Amino acid sequence: MNIYEMYVQNNNKVGFWIQRNSWHKYIAKVVEVQNKTTGALSGRSPYYNNSLVLVDIYDIDTMELSINWDNPKNYSLSNAGTFSYELVKIDNE
């Protein structure tokens, strides 16, 4: 499942957590898809026009906002339509 499909599965809203198979020390919370936080996506499934997806990146061990990225807050994913992400359950949510 790609990030757009995860958004739809999450009742068309952000706030879910993901991890990419190549990220070993990081986890991300999806904060915006197609410049919105809720509502139906435009475009066709499963890629929905390969629209912009913004995430906040966290250190998986400390759950602190990562400072190891050029812009750790609202990092733009360049390949949200790929199937290299997995949905992650966070215990305190």
# chains A, B, ... in the order shown; residues from 1 in each chain; ligands from 1

call {"tool": "residues_around", "arguments": {"residues": "segment 58-61 of chain A", "least_positions_apart": "2", "cutoff": "7 Å", "atoms": "only C-alpha atoms", "output": "compact mmCIF listing (two decimals) with C-alpha atoms, in the first residue's frame"}}
result
# COMPACT_ATOMS: atom_id res chain seq x y z
CA LYS A 25 16.49 4.93 12.55
CA TYR A 26 13.52 7.05 11.54
CA ILE A 27 9.75 7.06 11.55
CA ALA A 28 7.42 9.69 10.09
CA ASP A 56 7.48 15.09 10.25
CA MET A 63 10.58 9.79 19.30
CA GLU A 64 12.07 13.30 19.14
CA LEU A 65 11.72 15.36 16.01
CA SER A 66 14.82 14.53 14.01

call {"tool": "residues_around", "arguments": {"residues": "Leu54 of chain A", "least_positions_apart": "5", "cutoff": "12 Å", "atoms": "only C-alpha atoms", "output": "list in words"}}
result
Ile3, Tyr4, Val14, Gly15, Phe16, Trp17, Ile18, Ala28, Lys29, Val30, Val31, Glu32, Val33, Gln34, Asn35, Lys36, Thr37, Asn71, Pro72, Lys73, Asn74, Tyr75, Ser76, Leu77, Ser78, Asn79 and Ala80 of chain A

call {"tool": "closest_residue", "arguments": {"among": "A:Lys13, A:Trp23, A:Pro46, A:Thr38", "to": "Phe83 of chain A", "atoms": "only C-alpha atoms"}}
result
A:Pro46

call {"tool": "select_by_dssp", "arguments": {"residues": "chain A", "states": "strand (DSSP E)", "output": "PyMOL selection string"}}
result
chain A and resi 17-20+26-33+53-59+75-77+85-88

call {"tool": "write_last_selection", "arguments": {"atoms": "N, CA and C atoms", "output": "JSON list (two decimals), in the first residue's frame"}}
result
[["chain", "number", "residue", "atom", "x", "y", "z"],
["A", 17, "TRP", "N", 1.23, 7.08, 11.05],
["A", 17, "TRP", "CA", 2.68, 6.93, 11.08],
["A", 17, "TRP", "C", 3.14, 5.94, 10.02],
["A", 18, "ILE", "N", 4.29, 6.23, 9.41],
["A", 18, "ILE", "CA", 4.84, 5.36, 8.37],
["A", 18, "ILE", "C", 6.33, 5.14, 8.60],
["A", 19, "GLN", "N", 6.82, 4.10, 7.96],
["A", 19, "GLN", "CA", 8.26, 3.89, 7.91],
["A", 19, "GLN", "C", 8.60, 3.35, 6.54],
["A", 20, "ARG", "N", 9.67, 3.84, 5.98],
["A", 20, "ARG", "CA", 10.15, 3.36, 4.68],
["A", 20, "ARG", "C", 11.10, 2.21, 4.93],
["A", 26, "TYR", "N", 14.52, 5.99, 11.61],
["A", 26, "TYR", "CA", 13.52, 7.05, 11.54],
["A", 26, "TYR", "C", 12.11, 6.52, 11.32],
["A", 27, "ILE", "N", 11.16, 7.33, 11.74],
["A", 27, "ILE", "CA", 9.75, 7.06, 11.55],
["A", 27, "ILE", "C", 9.13, 8.42, 11.20],
["A", 28, "ALA", "N", 8.01, 8.42, 10.51],
["A", 28, "ALA", "CA", 7.42, 9.69, 10.09],
["A", 28, "ALA", "C", 5.92, 9.70, 10.36],
["A", 29, "LYS", "N", 5.44, 10.88, 10.71],
["A", 29, "LYS", "CA", 4.01, 11.11, 10.87],
["A", 29, "LYS", "C", 3.55, 11.94, 9.67],
["A", 30, "VAL", "N", 2.56, 11.44, 8.97],
["A", 30, "VAL", "CA", 2.02, 12.15, 7.80],
["A", 30, "VAL", "C", 1.19, 13.32, 8.30],
["A", 31, "VAL", "N", 1.55, 14.53, 7.84],
["A", 31, "VAL", "CA", 0.87, 15.74, 8.32],
["A", 31, "VAL", "C", 0.07, 16.46, 7.23],
["A", 32, "GLU", "N", 0.31, 16.13, 5.96],
["A", 32, "GLU", "CA", -0.43, 16.78, 4.88],
["A", 32, "GLU", "C", -0.33, 15.96, 3.61],
["A", 33, "VAL", "N", -1.44, 15.81, 2.91],
["A", 33, "VAL", "CA", -1.49, 15.14, 1.61],
["A", 33, "VAL", "C", -2.30, 16.03, 0.67],
["A", 53, "VAL", "N", 3.20, 15.04, -0.40],
["A", 53, "VAL", "CA", 2.96, 14.49, 0.93],
["A", 53, "VAL", "C", 4.02, 15.07, 1.86],
["A", 54, "LEU", "N", 3.56, 15.68, 2.95],
["A", 54, "LEU", "CA", 4.47, 16.24, 3.94],
["A", 54, "LEU", "C", 4.43, 15.38, 5.20],
["A", 55, "VAL", "N", 5.59, 15.17, 5.79],
["A", 55, "VAL", "CA", 5.71, 14.37, 7.00],
["A", 55, "VAL", "C", 6.64, 15.06, 7.99],
["A", 56, "ASP", "N", 6.50, 14.72, 9.24],
["A", 56, "ASP", "CA", 7.48, 15.09, 10.25],
["A", 56, "ASP", "C", 8.28, 13.82, 10.53],
["A", 57, "ILE", "N", 9.60, 13.94, 10.56],
["A", 57, "ILE", "CA", 10.50, 12.81, 10.74],
["A", 57, "ILE", "C", 10.97, 12.76, 12.19],
["A", 58, "TYR", "N", 10.88, 11.58, 12.79],
["A", 58, "TYR", "CA", 11.27, 11.39, 14.18],
["A", 58, "TYR", "C", 12.34, 10.30, 14.31],
["A", 59, "ASP", "N", 13.18, 10.45, 15.31],
["A", 59, "ASP", "CA", 14.12, 9.41, 15.68],
["A", 59, "ASP", "C", 13.32, 8.27, 16.30],
["A", 75, "TYR", "N", 8.82, 17.59, 6.12],
["A", 75, "TYR", "CA", 9.68, 17.09, 5.05],
["A", 75, "TYR", "C", 8.82, 16.58, 3.90],
["A", 76, "SER", "N", 9.13, 16.93, 2.69],
["A", 76, "SER", "CA", 8.37, 16.53, 1.52],
["A", 76, "SER", "C", 8.90, 15.20, 0.99],
["A", 77, "LEU", "N", 8.02, 14.21, 0.89],
["A", 77, "LEU", "CA", 8.41, 12.91, 0.33],
["A", 77, "LEU", "C", 8.37, 12.97, -1.18],
["A", 85, "TYR", "N", 6.72, 1.83, 1.67],
["A", 85, "TYR", "CA", 6.38, 2.32, 3.00],
["A", 85, "TYR", "C", 5.46, 1.33, 3.68],
["A", 86, "GLU", "N", 5.51, 1.32, 5.01],
["A", 86, "GLU", "CA", 4.56, 0.52, 5.76],
["A", 86, "GLU", "C", 3.91, 1.38, 6.83],
["A", 87, "LEU", "N", 2.70, 1.04, 7.14],
["A", 87, "LEU", "CA", 1.96, 1.70, 8.20],
["A", 87, "LEU", "C", 2.49, 1.21, 9.52],
["A", 88, "VAL", "N", 2.70, 2.12, 10.46],
["A", 88, "VAL", "CA", 3.28, 1.78, 11.76],
["A", 88, "VAL", "C", 2.29, 2.15, 12.86]]

call {"tool": "atom_distance", "arguments": {"atom1": "atom CA of Asn10 of chain A", "atom2": "atom CA of Gly39 of chain A"}}
result
10.7 Å

call {"tool": "atom_distance", "arguments": {"atom1": "atom CA of Tyr7 of chain A", "atom2": "atom CA of Ser84 of chain A"}}
result
15.1 Å

call {"tool": "select_by_dssp", "arguments": {"residues": "chain A", "states": "helix (DSSP H, G or I)", "output": "list in words"}}
result
Ile3, Tyr4, Glu5, Met6, Tyr7, Val8, Gln9, Tyr48, Asn49 and Asn50 of chain A
